[in-house]
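Data from query27.cif: mmCIF, C-alpha atoms
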```
data_my_file
loop_
_atom_site.label_atom_id
_atom_site.label_comp_id
_atom_site.auth_asym_id
_atom_site.auth_seq_id
_atom_site.Cartn_x
_atom_site.Cartn_y
_atom_site.Cartn_z
CA MET A 28 17.51 4.79 39.71
CA MET A 29 20.19 3.00 37.75
CA PHE A 30 17.80 0.17 36.89
CA SER A 31 15.21 2.47 35.38
CA ASN A 32 17.92 3.88 33.11
CA VAL A 33 18.87 0.39 31.98
CA TRP A 34 15.24 -0.43 31.24
CA ARG A 35 14.78 2.83 29.37
CA ALA A 36 17.83 2.07 27.21
CA ALA A 37 16.50 -1.44 26.50
CA CYS A 38 13.08 -0.07 25.51
CA VAL A 39 14.66 2.51 23.18
CA ALA A 40 16.79 -0.20 21.55
CA ILE A 41 13.74 -2.46 21.00
CA GLY A 42 11.75 0.51 19.67
CA LEU A 43 14.48 1.39 17.19
CA CYS A 44 14.60 -2.20 15.93
CA ALA A 45 10.82 -2.20 15.42
CA ALA A 46 10.83 1.22 13.70
CA GLY A 47 13.19 -0.05 11.00
CA GLN A 48 10.57 -2.50 9.75
CA VAL A 49 7.75 -0.13 8.80
CA LEU A 50 9.46 2.19 6.31
CA ALA A 51 7.90 2.47 2.85
CA LEU A 52 8.21 4.73 -0.15
CA GLU A 53 5.50 7.43 -0.10
CA PRO A 54 4.05 9.41 -3.01
CA GLY A 55 5.45 12.95 -3.14
CA GLN A 56 8.94 12.12 -1.93
CA PRO A 57 11.86 12.21 -4.40
CA ALA A 58 12.53 8.86 -6.09
CA PRO A 59 15.77 7.27 -4.84
CA ALA A 60 18.69 7.20 -7.30
CA LEU A 61 18.50 4.41 -9.86
CA GLU A 62 21.46 3.82 -12.17
CA LEU A 63 21.98 0.27 -13.41
CA SER A 64 23.55 -1.76 -16.15
CA GLY A 65 21.15 -2.61 -18.95
CA VAL A 66 21.00 -5.16 -21.75
CA SER A 67 23.55 -3.25 -23.85
CA ALA A 68 23.97 0.22 -22.33
CA PRO A 69 23.52 1.58 -18.78
CA VAL A 70 19.98 2.62 -17.87
CA GLY A 71 18.71 4.91 -15.15
CA LEU A 72 16.42 7.71 -14.02
CA SER A 73 19.00 10.42 -14.79
CA LYS A 74 18.70 9.61 -18.52
CA LEU A 75 14.89 9.74 -18.38
CA LYS A 76 14.37 13.23 -16.97
CA GLY A 77 11.16 14.84 -18.24
CA LYS A 78 9.52 11.48 -18.85
CA LEU A 79 7.00 9.57 -16.80
CA VAL A 80 8.90 6.48 -15.65
CA TYR A 81 7.20 3.29 -14.54
CA VAL A 82 9.84 1.50 -12.48
CA ASP A 83 9.02 -2.18 -12.06
CA PHE A 84 10.93 -4.61 -9.85
CA TRP A 85 10.77 -8.18 -11.14
CA ALA A 86 12.47 -11.56 -10.81
CA SER A 87 12.58 -14.61 -13.06
CA TRP A 88 11.15 -16.84 -10.30
CA CYS A 89 8.08 -14.66 -9.71
CA GLY A 90 4.86 -15.77 -11.41
CA PRO A 91 2.94 -12.47 -11.37
CA CYS A 92 6.03 -10.77 -12.88
CA LYS A 93 5.69 -13.05 -15.89
CA GLN A 94 2.04 -12.03 -16.23
CA SER A 95 2.99 -8.36 -16.03
CA PHE A 96 5.38 -8.45 -19.02
CA PRO A 97 2.74 -8.56 -21.81
CA TRP A 98 0.83 -5.78 -20.00
CA MET A 99 3.97 -3.62 -19.72
CA ASN A 100 4.69 -4.18 -23.44
CA GLU A 101 1.14 -3.04 -24.15
CA MET A 102 1.48 0.07 -21.96
CA GLN A 103 4.83 1.00 -23.53
CA ALA A 104 3.32 0.68 -27.03
CA LYS A 105 0.19 2.62 -26.07
CA TYR A 106 1.68 5.51 -24.07
CA GLY A 107 5.36 5.57 -25.12
CA ALA A 108 4.73 8.36 -27.61
CA ARG A 109 3.05 10.45 -24.90
CA GLY A 110 6.12 10.30 -22.64
CA LEU A 111 5.92 7.02 -20.73
CA GLN A 112 9.05 4.93 -20.29
CA ILE A 113 8.91 1.59 -18.51
CA LEU A 114 12.11 0.61 -16.71
CA ALA A 115 11.94 -2.95 -15.41
CA VAL A 116 14.61 -3.70 -12.80
CA ASN A 117 15.59 -7.34 -12.51
CA VAL A 118 16.57 -8.42 -8.98
CA ASP A 119 17.77 -11.97 -9.71
CA ALA A 120 21.02 -12.88 -7.98
CA LYS A 121 22.18 -14.54 -11.23
CA ARG A 122 22.08 -12.60 -14.48
CA ALA A 123 21.70 -15.88 -16.45
CA ASP A 124 18.27 -16.49 -14.84
CA ALA A 125 17.09 -13.09 -16.04
CA ASP A 126 18.47 -13.67 -19.55
CA SER A 127 16.63 -16.98 -19.96
CA PHE A 128 13.40 -15.34 -18.69
CA LEU A 129 13.81 -12.51 -21.22
CA ALA A 130 14.41 -15.03 -24.01
CA SER A 131 10.92 -16.47 -23.48
CA ASN A 132 9.27 -13.19 -22.36
CA PRO A 133 10.46 -10.50 -24.77
CA ALA A 134 10.32 -6.94 -23.47
CA SER A 135 9.89 -3.82 -25.60
CA PHE A 136 10.91 -1.52 -22.73
CA GLN A 137 14.11 -0.81 -20.82
CA ILE A 138 15.59 -3.48 -18.57
CA GLY A 139 18.05 -2.86 -15.76
CA PHE A 140 19.95 -5.50 -13.81
CA ASP A 141 20.64 -5.32 -10.09
CA THR A 142 22.13 -8.60 -8.91
CA ALA A 143 23.26 -7.03 -5.62
CA GLY A 144 19.74 -5.96 -4.58
CA ASP A 145 20.70 -2.34 -3.77
CA ALA A 146 17.91 -0.74 -5.82
CA PRO A 147 15.01 -2.69 -4.22
CA LYS A 148 16.49 -1.89 -0.81
CA ARG A 149 16.55 1.83 -1.61
CA TYR A 150 13.01 1.63 -2.99
CA GLU A 151 11.87 -0.33 0.11
CA VAL A 152 10.27 -3.04 -2.01
CA LYS A 153 7.83 -5.12 0.07
CA GLY A 154 6.71 -7.71 -2.50
CA MET A 155 7.39 -8.99 -5.98
CA PRO A 156 6.60 -7.50 -8.39
CA SER A 157 6.50 -3.90 -7.15
CA SER A 158 6.07 -0.81 -9.26
CA VAL A 159 6.81 2.86 -8.64
CA LEU A 160 5.55 5.59 -10.94
CA VAL A 161 8.09 8.43 -11.06
CA GLY A 162 6.98 11.78 -12.47
CA PRO A 163 8.96 14.01 -14.85
CA ASP A 164 10.08 16.04 -11.80
CA GLY A 165 11.67 12.92 -10.29
CA LYS A 166 9.07 12.56 -7.53
CA VAL A 167 7.18 9.41 -6.64
CA ILE A 168 3.55 9.52 -7.86
CA HIS A 169 2.24 6.04 -7.21
CA VAL A 170 3.52 2.92 -5.46
CA HIS A 171 2.03 -0.49 -6.13
CA ASN A 172 2.73 -3.92 -4.70
CA GLY A 173 1.98 -7.07 -6.70
CA PHE A 174 0.35 -7.59 -10.08
CA ARG A 175 -3.10 -9.12 -10.41
CA ALA A 176 -5.38 -9.28 -13.42
CA ASP A 177 -8.03 -7.11 -11.77
CA GLU A 178 -5.49 -4.39 -10.95
CA ARG A 179 -4.47 -3.67 -14.56
CA LYS A 180 -7.18 -1.05 -15.00
CA GLN A 181 -6.22 0.76 -11.80
CA LEU A 182 -2.54 0.81 -12.80
CA GLU A 183 -3.34 2.04 -16.31
CA ASP A 184 -5.58 4.78 -14.86
CA ALA A 185 -2.68 5.91 -12.63
CA ILE A 186 -0.40 6.10 -15.70
CA VAL A 187 -2.99 8.02 -17.76
CA ALA A 188 -3.62 10.46 -14.89
CA ALA A 189 0.12 11.06 -14.46
CA LEU A 190 0.67 11.53 -18.21
CA GLY A 191 -1.32 14.76 -17.86
CA GLY A 192 1.72 16.29 -16.14
CA VAL A 193 4.16 15.36 -18.93
CA LYS A 194 5.10 18.03 -21.49
CA GLN A 195 4.23 16.65 -24.91
CA PRO A 196 7.19 16.50 -27.31
CA MET B 17 22.93 -8.55 53.65
CA SER B 18 25.29 -5.73 52.71
CA PRO B 19 23.99 -3.11 50.21
CA LEU B 20 26.77 -4.10 47.81
CA LYS B 21 25.60 -7.72 47.77
CA THR B 22 21.96 -6.69 47.22
CA HIS B 23 23.07 -4.50 44.36
CA ALA B 24 25.09 -7.29 42.76
CA ARG B 25 22.16 -9.67 43.10
CA ARG B 26 19.81 -7.17 41.43
CA VAL B 27 22.20 -6.64 38.55
CA ALA B 28 22.56 -10.40 38.11
CA GLY B 29 18.77 -10.85 38.20
CA LEU B 30 18.19 -8.10 35.67
CA SER B 31 20.81 -9.39 33.27
CA ALA B 32 19.36 -12.90 33.57
CA CYS B 33 15.91 -11.50 32.68
CA LEU B 34 17.29 -9.60 29.69
CA LEU B 35 19.19 -12.67 28.51
CA ALA B 36 16.10 -14.86 28.87
CA SER B 37 13.90 -12.43 26.95
CA ALA B 38 16.55 -12.12 24.24
CA ALA B 39 16.81 -15.91 23.98
CA MET B 40 13.01 -16.26 23.71
CA THR B 41 12.94 -14.26 20.48
CA GLY B 42 15.26 -16.86 18.93
CA CYS B 43 16.07 -15.86 15.38
CA ALA B 44 12.91 -13.77 15.04
CA TRP B 45 14.83 -10.53 15.53
CA LEU B 46 16.62 -11.23 12.26
CA SER B 47 14.51 -9.62 9.57
CA GLY B 48 14.45 -12.72 7.32
CA PRO B 49 14.84 -12.69 3.56
CA GLN B 50 13.70 -9.57 1.74
CA ALA B 51 11.05 -9.77 -0.99
CA TRP B 52 13.72 -9.83 -3.72
CA GLU B 53 15.76 -12.54 -1.98
CA LYS B 54 13.12 -15.25 -2.12
CA GLY B 55 14.29 -16.86 -5.36
CA ASN B 56 15.23 -20.13 -3.68
CA LEU B 57 12.10 -20.16 -1.51
CA ALA B 58 9.97 -19.78 -4.65
CA LYS B 59 11.29 -23.03 -6.13
CA PRO B 60 8.69 -25.80 -6.36
CA GLN B 61 10.85 -28.18 -4.34
CA MET B 62 10.64 -25.76 -1.38
CA SER B 63 6.92 -26.35 -1.10
CA MET B 64 5.74 -28.34 1.95
CA GLY B 65 3.24 -30.33 -0.08
CA GLY B 66 3.36 -32.04 -3.43
CA ASP B 67 0.84 -31.16 -6.11
CA PRO B 68 0.04 -27.41 -6.06
CA LEU B 69 -3.55 -27.96 -7.18
CA GLU B 70 -4.16 -30.50 -4.42
CA GLN B 71 -2.57 -28.14 -1.88
CA ARG B 72 -4.90 -25.36 -2.95
CA PHE B 73 -7.87 -27.66 -2.64
CA GLN B 74 -6.82 -28.68 0.87
CA GLN B 75 -6.30 -25.05 1.85
CA HIS B 76 -9.75 -24.24 0.56
CA ILE B 77 -11.32 -27.00 2.67
CA SER B 78 -9.26 -26.01 5.70
CA THR B 79 -10.27 -22.35 5.30
CA SER B 80 -13.95 -23.25 5.22
CA LYS B 81 -13.74 -25.68 8.16
CA GLU B 82 -11.53 -23.55 10.39
CA ALA B 83 -13.02 -20.19 9.39
CA ALA B 84 -9.48 -18.84 9.14
CA SER B 85 -6.87 -18.66 6.44
CA GLY B 86 -3.20 -17.82 5.97
CA GLY B 87 0.00 -19.12 7.44
CA TYR B 88 1.00 -21.11 4.37
CA GLY B 89 4.63 -20.80 3.50
CA VAL B 90 6.57 -17.55 3.66
CA GLY B 91 4.60 -14.31 3.92
CA GLY B 92 4.66 -12.35 0.69
CA GLY B 93 6.83 -14.98 -0.99
CA GLY B 94 6.91 -14.13 -4.65
CA CYS B 95 3.38 -12.88 -4.98
CA GLY B 96 3.20 -9.41 -3.45
CA CYS B 97 -0.52 -9.76 -2.95
CA ASN B 98 -0.53 -10.99 0.65
#
```

Could you express the structure from this file as structure tokens?
Amino acid sequence: MMFSNVWRAACVAIGLCAAGQVLALEPGQPAPALELSGVSAPVGLSKLKGKLVYVDFWASWCGPCKQSFPWMNEMQAKYGARGLQILAVNVDAKRADADSFLASNPASFQIGFDTAGDAPKRYEVKGMPSSVLVGPDGKVIHVHNGFRADERKQLEDAIVAALGGVKQP
Amino acid sequence: MSPLKTHARRVAGLSACLLASAAMTGCAWLSGPQAWEKGNLAKPQMSMGGDPLEQRFQQHISTSKEAASGGYGVGGGGCGCN
């Protein structure tokens, strides 16, 4: 009798360990809090209420992130007036790495810095880059992992579809 | 054998089994670096091979000969597409 209890406890412990690995951010759930230091002033979701926010997690060492910067500049220029704000969260452990990346890849959107890696943990980031589209109501609309040339259209379509829910200024 | 001795032997056997199964997992139970912690792994000097183009060529040949792909480097390291 006692042995079966021990085995049961072991199975529960193993199950709990395994369950921790499969979590992911789902569309419809509220976006986790995101308040970070920016280039000059603090940036965060609380300041962007009512806007469609494209949260992008990037690092200086990540090749596809570099490819995504010109595209994000283009999207910000194209849809900024309609209520889109791109917030690119840098996850480099050293701020200097991010600064040298930004010097050669200028960004016309907001940049946040998270050297501690708390934000990607809260957003359950599974790959680099990762993007999360957050609606004006603060809920997750779309989650995307990676950035490939053939996915630009799909990502832009998701932004355009979500812009329908933004009140025009 | 007294019931107490049998009991002690069972407990010892069970704990030995648990210990052995725990040891077999090695460090695999540690979750490994997260996607945003792979900055050092993404450095070119961390690559197993030399020239990236040559490596890709070899992978391509290997994929066609073995009819299987994957298992190169760290899963999801810096790309997000795998």

**Request:** Return as a list in words the set of residues that the PyMOL selection byres ((chain A) within 7 of (chain B)) yields on the displayed structure.
**Result:** Trp88, Cys89, Pro91, Val118, Val152, Lys153, Gly154, Met155, Pro156, Asn172 and Gly173 of chain A

**Prompt:** What is the distance, in Å and to one decimal place, between CA of Val66 in chain A and CA of Ser135 in chain A?
**Reply:**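 Going from CA of Val66 in chain A over to CA of Ser135 in chain A, I get 11.8 Å.
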
**Prompt:** Could you state the separation of CA of Asp126 in chain A and CA of Leu75 in chain A in Å, given to one decimal place?
**Reply:** 23.7 Å

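Here CA of Trp85 in chain A and CA of Glu70 in chain B stand 27.7 Å from one another.
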
**Request:** Identify all residues satisfying the PyMOL selection byres ((chain A and resi 149) around 9) in the given file; provide them as a list in words.
**Result:**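 Selection result, ordered by chain and number: Leu52, Pro59, Ala60, Leu61, Gly144, Asp145, Ala146, Pro147, Lys148, Tyr150, Glu151 and Val152 of chain A.
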
**Message:** Using all atoms listed in the file, can you tell me which of A:Gly55, A:Ala115, A:Asp164, A:Ser127 comes closest to Gln103 in chain A?
**Reply:**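 Closest residue, counting all atoms listed in the file: A:Ala115.
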
Give as a PDB file with C-alpha atoms, keeping the file's coordinate frame the set of residues within 10 Å of the point (10.2, 11.9, -17.5), where distances use the file's coordinates and only C-alpha atoms.
```pdb
ATOM      1  CA  LEU A  72      16.420   7.710 -14.020  1.00  0.00           C
ATOM      2  CA  SER A  73      19.000  10.420 -14.790  1.00  0.00           C
ATOM      3  CA  LYS A  74      18.700   9.610 -18.520  1.00  0.00           C
ATOM      4  CA  LEU A  75      14.890   9.740 -18.380  1.00  0.00           C
ATOM      5  CA  LYS A  76      14.370  13.230 -16.970  1.00  0.00           C
ATOM      6  CA  GLY A  77      11.160  14.840 -18.240  1.00  0.00           C
ATOM      7  CA  LYS A  78       9.520  11.480 -18.850  1.00  0.00           C
ATOM      8  CA  LEU A  79       7.000   9.570 -16.800  1.00  0.00           C
ATOM      9  CA  VAL A  80       8.900   6.480 -15.650  1.00  0.00           C
ATOM     10  CA  TYR A  81       7.200   3.290 -14.540  1.00  0.00           C
ATOM     11  CA  GLY A 110       6.120  10.300 -22.640  1.00  0.00           C
ATOM     12  CA  LEU A 111       5.920   7.020 -20.730  1.00  0.00           C
ATOM     13  CA  GLN A 112       9.050   4.930 -20.290  1.00  0.00           C
ATOM     14  CA  VAL A 161       8.090   8.430 -11.060  1.00  0.00           C
ATOM     15  CA  GLY A 162       6.980  11.780 -12.470  1.00  0.00           C
ATOM     16  CA  PRO A 163       8.960  14.010 -14.850  1.00  0.00           C
ATOM     17  CA  ASP A 164      10.080  16.040 -11.800  1.00  0.00           C
ATOM     18  CA  GLY A 165      11.670  12.920 -10.290  1.00  0.00           C
ATOM     19  CA  LEU A 190       0.670  11.530 -18.210  1.00  0.00           C
ATOM     20  CA  GLY A 192       1.720  16.290 -16.140  1.00  0.00           C
ATOM     21  CA  VAL A 193       4.160  15.360 -18.930  1.00  0.00           C
ATOM     22  CA  LYS A 194       5.100  18.030 -21.490  1.00  0.00           C
TER      23      LYS A 194
END
```

**Request:** Could you expand the PyMOL selection byres ((chain A and resi 159) around 7) into the explicit residues it covers here, written as a list in words?
**Result:** Tyr81, Val82, Asp83, Ser157, Ser158, Leu160, Val161, Val167, His169, Val170 and His171 of chain A

**Message:** Measuring between all atoms listed in the file, which one of A:Ile113, A:Ala86, A:Pro69, A:Pro133 shows the shortest distance to Ile186 in chain A?
**Reply:**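 Closest residue, counting all atoms listed in the file: A:Ile113.
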
**Prompt:** Of the residues A:Lys93, A:Ala176, A:Tyr106, A:Asp124, which is the one nearest to Phe140 in chain A, using only C-alpha atoms?
**Reply:** A:Asp124

**Request:** Go through A:Leu129, A:Ala58, A:Ala51, A:Leu63 and flag the residue nearest Asp141 in chain A, using all atoms listed in the file for the distances.
**Result:**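 Going through A:Leu129, A:Ala58, A:Ala51, A:Leu63 one by one, the smallest distance to Asp141 in chain A is for A:Leu63.
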